[in-house]
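S.K.: My questions all concern the structure below.
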Amino acid sequence: MNINQLDLRGVAYNKIRNFKLLINRSFWTFFIRIRLKVFGVKFHKPIKFYGNSYFIRFRFSKMNIGKNCTFISTSYMNMAGINKKNTISTIQKGAELIIGDRCGISGAVILVAEKITIGEKVLVGANCFISDYGFHELDPDKRWNNQTASDVSAPVVIEDNVWLGMNVTVLKGVTIGKNSVIGANSLVTKDIPANVIAAGNPCKVIRNIK
Amino acid sequence: MNINQLDLRGVAYNKIRNFKLLINRSFWTFFIRIRLKVFGVKFHKPIKFYGNSYFIRFRFSKMNIGKNCTFISTSYMNMAGINKKNTISTIQKGAELIIGDRCGISGAVILVAEKITIGEKVLVGANCFISDYGFHELDPDKRWNNQTASDVSAPVVIEDNVWLGMNVTVLKGVTIGKNSVIGANSLVTKDIPANVIAAGNPCKVIRNIK
Amino acid sequence: MNINQLDLRGVAYNKIRNFKLLINRSFWTFFIRIRLKVFGVKFHKPIKFYGNSYFIRFRFSKMNIGKNCTFISTSYMNMAGINKKNTISTIQKGAELIIGDRCGISGAVILVAEKITIGEKVLVGANCFISDYGFHELDPDKRWNNQTASDVSAPVVIEDNVWLGMNVTVLKGVTIGKNSVIGANSLVTKDIPANVIAAGNPCKVIRNIK
C-alpha cells in the first residue's frame with residue numbers, strides 16, 4: 001500500500017477500534033465503580049477502566065484512589081502488552097494504599113501489607129509490580145512458621161510525576177523521588193533519588209535529568 | 001474509613017472471596033485430578049489447584065508429583081500476580097519430572113526434555129520458568145536442522161526447601177542447593193550452592209544465610 | 001510407570017493434543033486471515049496462527065508479513081509459556097512494519113511508531129517485546145505535553161536468522177546483526193553485531209559464534 005493512497009480500510013478499522021474501546025471502557029468503568037463502592041474502596045470520579053481490574057481489600061484496611069486515574073488491563077488499549085489484569089490488594093488489617101490524582105496504571109500488581117503511597121501523575125508502565133511485602137522469611141527454619149506479614153514488610157513511597165517503565169519491580173522499603181524515571185525491566189531494591197534516570201537489575205542511577 | 005470503625009463491607013467481601021476461592025479450588029482440583037489420572041500423570045493426595053493448570057505429558061515420559069502440593073493459576077488467589085496458567089510439560093520420550101512433597105507453584109512453566117528434580121517444600125514464586133531444555137542450537141547453521149531435544153538439554157535439580165522468588169528463570173544444567181533463596185527476576189545460569197541468597201541477571205551469590 | 005511399558009494413555013493424550021492443536025490452528029488461521037485482509041495487513045500464504053493474535057494497524061501505516069510465518073499465542077502450543085496474545089501494532093501514520101519469511105513469533109509485542117524491520121528466519125522466543133517507540137519524554141516538564149510519537153522513537157532492525165530468547169526486550173534505535181543470539185530475559189538497549197551471543201540487562205556481547 002502506498003502511504004499516499006486513500007486508506008479506507010485503515011480509517012474504518014481505527015474507527016471500529018475506538019468504538020470498541022469506548023464500549024469496553026463504559027462497561028468496565030460502570031461495573032467496577034459499583035464493585036468498589038460495595039466493597040469499600042474509596043475512589044474519586046472521573047476514573048476510567050479498560051478491561052477488568054481486581055481490587056482485593058482486606059477487612060479493616062484502606063484503599064484510596066485519586067481522581068482522573070486510568071486503569072488498563074487489555075493489550076487492545078495499551079499496545080505495550082498487558083500480561084494480566086491489574087491486581088491491587090491489601091493483605092492484612094491496617095494496610096493502607098494511597099494512589100494520587102492523574103495516575104495511569106496498566107496490568108500492574110500492587111500488593112500492600114503495610115503502606116504504599118503513590119503520588120500524583122505517576123505513570124506505571126505495563127506489567128509492573130509494586131509491593132511492600134517480602135512474602136516469606138529468608139531464614140529456612142522460620143520460612144514455614146506462621147510469621148505475620150509485618151515481619152517481612154516495609155513501606156514503599158513513589159513520589160509525584162515518577163515514570164516506571166515496563167516490567168519494573170519495586171520491592172519493600174523503597175522510596176522513588178519526584179520526577180524520576182525507572183528504565184524498563186528494572187528491579188528497584190533501594191531508594192532512588194528525585195530527578196534521575198535509573199535502570200538495571202539491581203536498579204542504579206544512570207544520570208540526572210537536567 | 002477509620003481503621004477502628006466497624007468495616008462490615010470488608011468483612012463481607014473477605015467472606016465472599018474465601019467462598020469463591022473454595023468453589024474455585026474444589027472445582028479445579030476435582031477436574032484436574034481426573035485429567036491427571038486419565039493421562040497418566042502420577043500424583044499423591046492431598047493436592048490443590050486454584051484455577052486451571054496445563055499438564056502436557058509426552059508418551060513414554062514420567063511426571064511424578066508429591067503430596068500436599070498446591071498449584072495456583074489465578075491472581076485472585078496469589079495476589080503477587082499470575083501471568084499465565086501453570087504449564088508443566090515433558091517434550092520427548094524418557095523425560096522425567098519429579099516434584100517433591102509440600103511444594104507451592106504459581107503460574108510457573110516447567111518444561112522437561114531430560115530430567116528435572118524438585119525437592120520437598122520448594123516455593124516457586126509467581127511466574128517462574130524452569131527448564132532443562134535450550135530450545136535451539138546456538139550455531140546458526142545447525143539451528144534449522146532437525147536436532148534432537150537432548151542435544152540442547154541438561155538436567156536441572158532444585159533441592160529441598162529452596163525458595164525461588166517471582167519471575168525467576170532457571171536454565172538447563174543448573175543445580176540449586178538446599179535452603180537457598182533466589183531473588184525476584186533472577187536468571188540462574190550456573191549452579192547455586194546451598195544456604196545462600198543469590199540474585200541478579202545473571203544470578204550471583206549475595207551472602208550466606210546464617 | 002516403567003518407561004519400557006506400553007504407554008497407551010500417553011500415546012492417546014499426544015494424539016488428542018495434536019488434534020486439538022490442528023483444530024485450533026485451522027480455526028484461528030482461517031479467521032485471522034480474513035481479519036488481516038479486511039483491515040489491510042499484507043501477508044503471504046502459507047501463514048499459521050495458534051490462538052488469537054492482535055494486529056492493530058493505524059490508518060496510513062503499513063504492515064507486511066512474509067510467507068511461512070507462525071504466530072503462537074497459547075502455552076498449549078509453545079510450552080515455554082505464553083503470557084499474552086501476540087500484539088502487533090502501528091501507532092501513527094507512516095509507521096512501517098516488515099516481517100520476513102519463515103519467522104516464528106510467540107506471545108510477542110511488536111509496537112511500531114516509525115519503522116521496524118525483521119529479517120528472514122528470525123526466531124522470537126516467548127513473550128518478547130520489540131519497539132521503536134519510547135512512549136514518553138524523559139524530561140518531566142515535557143512528559144505531559146502532547147509530544148508526537150516520533151519525538152521519542154528510532155527505527156529498529158533485526159537481521160536474518162537472529163534468535164531472540166524468551167522475554168527479550170528490544171528498545172528503540174537498536175540493530176541486531178545477522179545470526180546473533182540474544183539470551184533469555186535480556187534488555188537490548190544498544191546495537192548488537194552479527195554472529196555473536198549477547199545477554200544481560202543491559203545486553204552485552206558474551207562471545208562470537210564460531
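Identifiers for the C-alpha cells are assigned positionally: chains receive A, B, ... in sequence, residues are indexed from 1 per chain, and ligands are indexed from 1 in the order shown.
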Once you count only C-alpha atoms, what closest atom pair and distance in Å to one decimal does each residue of chain A within 9 Å of chain B have, with rows by chain and rising residue number, as a Markdown table?

M.R.:
| residue | atom | partner | partner_atom | distance |
| --- | --- | --- | --- | --- |
| A:Val38 | CA | B:Arg9 | CA | 6.9 |
| A:Phe39 | CA | B:Arg9 | CA | 5.2 |
| A:Gly40 | CA | B:Arg9 | CA | 6.1 |
| A:Lys42 | CA | B:Met1 | CA | 8.4 |
| A:Tyr54 | CA | B:Tyr76 | CA | 7.5 |
| A:Ile56 | CA | B:Tyr76 | CA | 8.0 |
| A:Arg57 | CA | B:Gly10 | CA | 6.7 |
| A:Phe58 | CA | B:Gly10 | CA | 6.2 |
| A:Arg59 | CA | B:Gly10 | CA | 4.0 |
| A:Phe60 | CA | B:Ile3 | CA | 5.5 |
| A:Ser61 | CA | B:Ile3 | CA | 6.7 |
| A:Lys62 | CA | B:Met1 | CA | 6.9 |
| A:Asn83 | CA | B:Asn83 | CA | 5.5 |
| A:Lys84 | CA | B:Asn83 | CA | 5.5 |
| A:Lys85 | CA | B:Ser75 | CA | 8.3 |
| A:Asn86 | CA | B:Gly81 | CA | 8.4 |
| A:Thr87 | CA | B:Gly81 | CA | 6.5 |
| A:Ile88 | CA | B:Met79 | CA | 7.8 |
| A:Ser89 | CA | B:Met79 | CA | 6.9 |
| A:Ile91 | CA | B:Met79 | CA | 8.8 |
| A:Lys93 | CA | B:Ile3 | CA | 8.3 |
| A:Gly94 | CA | B:Ile3 | CA | 6.5 |
| A:Ala108 | CA | B:Gly81 | CA | 8.3 |
| A:Val109 | CA | B:Gly81 | CA | 6.0 |
| A:Ile110 | CA | B:Ala80 | CA | 8.0 |
| A:Leu111 | CA | B:Ala80 | CA | 6.9 |
| A:Phe129 | CA | B:Ala80 | CA | 7.9 |
| A:Ser131 | CA | B:Ala80 | CA | 8.6 |
| A:His136 | CA | B:Trp163 | CA | 8.8 |
| A:Leu138 | CA | B:Val181 | CA | 6.9 |
| A:Asp139 | CA | B:Ile209 | CA | 6.6 |
| A:Pro140 | CA | B:Asn179 | CA | 5.7 |
| A:Asp141 | CA | B:Asn179 | CA | 8.9 |
| A:Arg143 | CA | B:Asn161 | CA | 8.9 |
| A:Trp144 | CA | B:Lys121 | CA | 8.8 |
| A:Thr169 | CA | B:Asn185 | CA | 8.3 |
| A:Asn185 | CA | B:Asn185 | CA | 9.0 |
| A:Leu187 | CA | B:Asn185 | CA | 7.4 |
| A:Asn201 | CA | B:Gly200 | CA | 6.1 |
| A:Pro202 | CA | B:Gly200 | CA | 6.9 |

S.K.: Hey, what's within 9 Å of Ile158 in chain C if we count only C-alpha atoms and toss same-chain stuff fewer than 3 positions away? As a PyMOL selection string, please?

M.R.: chain C and resi 116-119+122+161-162+174-178

S.K.: Kindly export the residues of the current selection with all heavy atoms, as a PDB file, in the first residue's frame.

M.R.:
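Now in again-v5.pdb:
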ATOM      1  N   ILE C 116      10.053  -0.783  11.885  1.00  0.00           N
ATOM      2  CA  ILE C 116      10.714  -1.973  12.398  1.00  0.00           C
ATOM      3  C   ILE C 116      10.859  -2.958  11.251  1.00  0.00           C
ATOM      4  O   ILE C 116       9.897  -3.249  10.544  1.00  0.00           O
ATOM      5  CB  ILE C 116       9.939  -2.612  13.560  1.00  0.00           C
ATOM      6  CG1 ILE C 116       9.926  -1.689  14.776  1.00  0.00           C
ATOM      7  CG2 ILE C 116      10.533  -3.964  13.936  1.00  0.00           C
ATOM      8  CD1 ILE C 116       9.209  -2.239  15.995  1.00  0.00           C
ATOM      9  N   THR C 117      12.084  -3.455  11.064  1.00  0.00           N
ATOM     10  CA  THR C 117      12.359  -4.424  10.011  1.00  0.00           C
ATOM     11  C   THR C 117      12.858  -5.713  10.656  1.00  0.00           C
ATOM     12  O   THR C 117      13.865  -5.700  11.363  1.00  0.00           O
ATOM     13  CB  THR C 117      13.451  -3.894   9.057  1.00  0.00           C
ATOM     14  OG1 THR C 117      13.139  -2.546   8.722  1.00  0.00           O
ATOM     15  CG2 THR C 117      13.532  -4.737   7.797  1.00  0.00           C
ATOM     16  N   ILE C 118      12.153  -6.795  10.423  1.00  0.00           N
ATOM     17  CA  ILE C 118      12.569  -8.100  10.942  1.00  0.00           C
ATOM     18  C   ILE C 118      12.890  -8.976   9.736  1.00  0.00           C
ATOM     19  O   ILE C 118      12.087  -9.079   8.807  1.00  0.00           O
ATOM     20  CB  ILE C 118      11.460  -8.715  11.806  1.00  0.00           C
ATOM     21  CG1 ILE C 118      11.218  -7.839  13.044  1.00  0.00           C
ATOM     22  CG2 ILE C 118      11.798 -10.141  12.204  1.00  0.00           C
ATOM     23  CD1 ILE C 118      10.111  -8.294  13.944  1.00  0.00           C
ATOM     24  N   GLY C 119      14.102  -9.577   9.735  1.00  0.00           N
ATOM     25  CA  GLY C 119      14.583 -10.324   8.567  1.00  0.00           C
ATOM     26  C   GLY C 119      13.926 -11.685   8.412  1.00  0.00           C
ATOM     27  O   GLY C 119      12.865 -11.951   8.964  1.00  0.00           O
ATOM     28  N   VAL C 122      13.840 -15.354  11.509  1.00  0.00           N
ATOM     29  CA  VAL C 122      14.073 -14.816  12.845  1.00  0.00           C
ATOM     30  C   VAL C 122      13.179 -15.571  13.829  1.00  0.00           C
ATOM     31  O   VAL C 122      11.978 -15.736  13.591  1.00  0.00           O
ATOM     32  CB  VAL C 122      13.784 -13.305  12.894  1.00  0.00           C
ATOM     33  CG1 VAL C 122      13.824 -12.789  14.320  1.00  0.00           C
ATOM     34  CG2 VAL C 122      14.781 -12.559  12.025  1.00  0.00           C
ATOM     35  N   ASN C 161      18.011 -14.517  10.511  1.00  0.00           N
ATOM     36  CA  ASN C 161      18.468 -15.667  11.289  1.00  0.00           C
ATOM     37  C   ASN C 161      18.851 -15.323  12.726  1.00  0.00           C
ATOM     38  O   ASN C 161      19.566 -16.072  13.378  1.00  0.00           O
ATOM     39  CB  ASN C 161      19.654 -16.332  10.563  1.00  0.00           C
ATOM     40  CG  ASN C 161      19.717 -17.828  10.854  1.00  0.00           C
ATOM     41  OD1 ASN C 161      18.778 -18.411  11.391  1.00  0.00           O
ATOM     42  ND2 ASN C 161      20.832 -18.437  10.544  1.00  0.00           N
ATOM     43  N   VAL C 162      18.395 -14.181  13.207  1.00  0.00           N
ATOM     44  CA  VAL C 162      18.609 -13.845  14.620  1.00  0.00           C
ATOM     45  C   VAL C 162      17.671 -14.696  15.457  1.00  0.00           C
ATOM     46  O   VAL C 162      16.564 -15.049  15.041  1.00  0.00           O
ATOM     47  CB  VAL C 162      18.332 -12.340  14.862  1.00  0.00           C
ATOM     48  CG1 VAL C 162      18.108 -12.038  16.331  1.00  0.00           C
ATOM     49  CG2 VAL C 162      19.482 -11.505  14.319  1.00  0.00           C
ATOM     50  N   VAL C 174      17.708   0.183  18.034  1.00  0.00           N
ATOM     51  CA  VAL C 174      18.632  -0.956  18.084  1.00  0.00           C
ATOM     52  C   VAL C 174      18.678  -1.691  16.741  1.00  0.00           C
ATOM     53  O   VAL C 174      17.655  -1.876  16.086  1.00  0.00           O
ATOM     54  CB  VAL C 174      18.199  -1.935  19.196  1.00  0.00           C
ATOM     55  CG1 VAL C 174      18.856  -3.299  19.027  1.00  0.00           C
ATOM     56  CG2 VAL C 174      18.506  -1.358  20.564  1.00  0.00           C
ATOM     57  N   THR C 175      19.886  -2.113  16.336  1.00  0.00           N
ATOM     58  CA  THR C 175      20.060  -3.060  15.230  1.00  0.00           C
ATOM     59  C   THR C 175      20.732  -4.313  15.773  1.00  0.00           C
ATOM     60  O   THR C 175      21.736  -4.224  16.483  1.00  0.00           O
ATOM     61  CB  THR C 175      20.954  -2.451  14.128  1.00  0.00           C
ATOM     62  OG1 THR C 175      20.280  -1.324  13.590  1.00  0.00           O
ATOM     63  CG2 THR C 175      21.214  -3.462  13.020  1.00  0.00           C
ATOM     64  N   ILE C 176      20.164  -5.477  15.466  1.00  0.00           N
ATOM     65  CA  ILE C 176      20.778  -6.740  15.879  1.00  0.00           C
ATOM     66  C   ILE C 176      21.241  -7.453  14.618  1.00  0.00           C
ATOM     67  O   ILE C 176      20.452  -7.718  13.710  1.00  0.00           O
ATOM     68  CB  ILE C 176      19.786  -7.615  16.662  1.00  0.00           C
ATOM     69  CG1 ILE C 176      19.318  -6.874  17.919  1.00  0.00           C
ATOM     70  CG2 ILE C 176      20.418  -8.946  17.041  1.00  0.00           C
ATOM     71  CD1 ILE C 176      18.289  -7.609  18.740  1.00  0.00           C
ATOM     72  N   GLY C 177      22.559  -7.753  14.556  1.00  0.00           N
ATOM     73  CA  GLY C 177      23.156  -8.290  13.327  1.00  0.00           C
ATOM     74  C   GLY C 177      22.800  -9.746  13.080  1.00  0.00           C
ATOM     75  O   GLY C 177      22.443 -10.493  14.001  1.00  0.00           O
ATOM     76  N   LYS C 178      22.939 -10.141  11.846  1.00  0.00           N
ATOM     77  CA  LYS C 178      22.682 -11.476  11.311  1.00  0.00           C
ATOM     78  C   LYS C 178      23.192 -12.602  12.209  1.00  0.00           C
ATOM     79  O   LYS C 178      24.315 -12.511  12.737  1.00  0.00           O
ATOM     80  CB  LYS C 178      23.454 -11.553   9.989  1.00  0.00           C
ATOM     81  CG  LYS C 178      22.751 -12.245   8.877  1.00  0.00           C
ATOM     82  CD  LYS C 178      23.547 -12.068   7.592  1.00  0.00           C
ATOM     83  CE  LYS C 178      23.530 -13.392   6.842  1.00  0.00           C
ATOM     84  NZ  LYS C 178      24.163 -13.267   5.514  1.00  0.00           N
TER      85      LYS C 178
END

S.K.: Which neighbours of Gly66 in chain C fall inside 10 Å, counting only C-alpha atoms, when residues of the same chain fewer than 5 positions from it are skipped, and could you give them as a ChimeraX atom specification?

M.R.: /C:42-47,98-103,118-120

S.K.: Would you put the residues from that selection into a file with C-alpha atoms, as a PDB file, in the first residue's frame?

M.R.:
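Listed below is the output, again.pdb:
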ATOM      1  CA  LYS C  42      -0.435  -7.544   3.912  1.00  0.00           C
ATOM      2  CA  PHE C  43       0.625 -11.174   4.370  1.00  0.00           C
ATOM      3  CA  HIS C  44       1.745 -14.108   2.270  1.00  0.00           C
ATOM      4  CA  LYS C  45       0.480 -17.658   2.466  1.00  0.00           C
ATOM      5  CA  PRO C  46       1.215 -20.050   3.998  1.00  0.00           C
ATOM      6  CA  ILE C  47       0.816 -18.440   7.404  1.00  0.00           C
ATOM      7  CA  ILE C  98       8.213  -5.545   7.751  1.00  0.00           C
ATOM      8  CA  ILE C  99       8.446  -9.171   8.884  1.00  0.00           C
ATOM      9  CA  GLY C 100      10.472 -11.514   6.631  1.00  0.00           C
ATOM     10  CA  ASP C 101       9.781 -15.104   5.594  1.00  0.00           C
ATOM     11  CA  ARG C 102       9.866 -18.096   7.928  1.00  0.00           C
ATOM     12  CA  CYS C 103       9.730 -16.184  11.203  1.00  0.00           C
ATOM     13  CA  ILE C 118      12.569  -8.100  10.942  1.00  0.00           C
ATOM     14  CA  GLY C 119      14.583 -10.324   8.567  1.00  0.00           C
ATOM     15  CA  GLU C 120      14.094 -13.899   7.467  1.00  0.00           C
TER      16      GLU C 120
END

S.K.: Report, in Å to a single decimal, how far apart CA of Leu164 in chain B and CA of Ala113 in chain B are.

M.R.: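 Between CA of Ala113 in chain B and CA of Leu164 in chain B the gap works out to 21.0 Å.
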
S.K.: If DSSP is run on the backbone, what residues of range 8-184 of chain C are alpha helix (DSSP H)? A reply as a ChimeraX atom specification would be ideal.

M.R.: /C:8-38
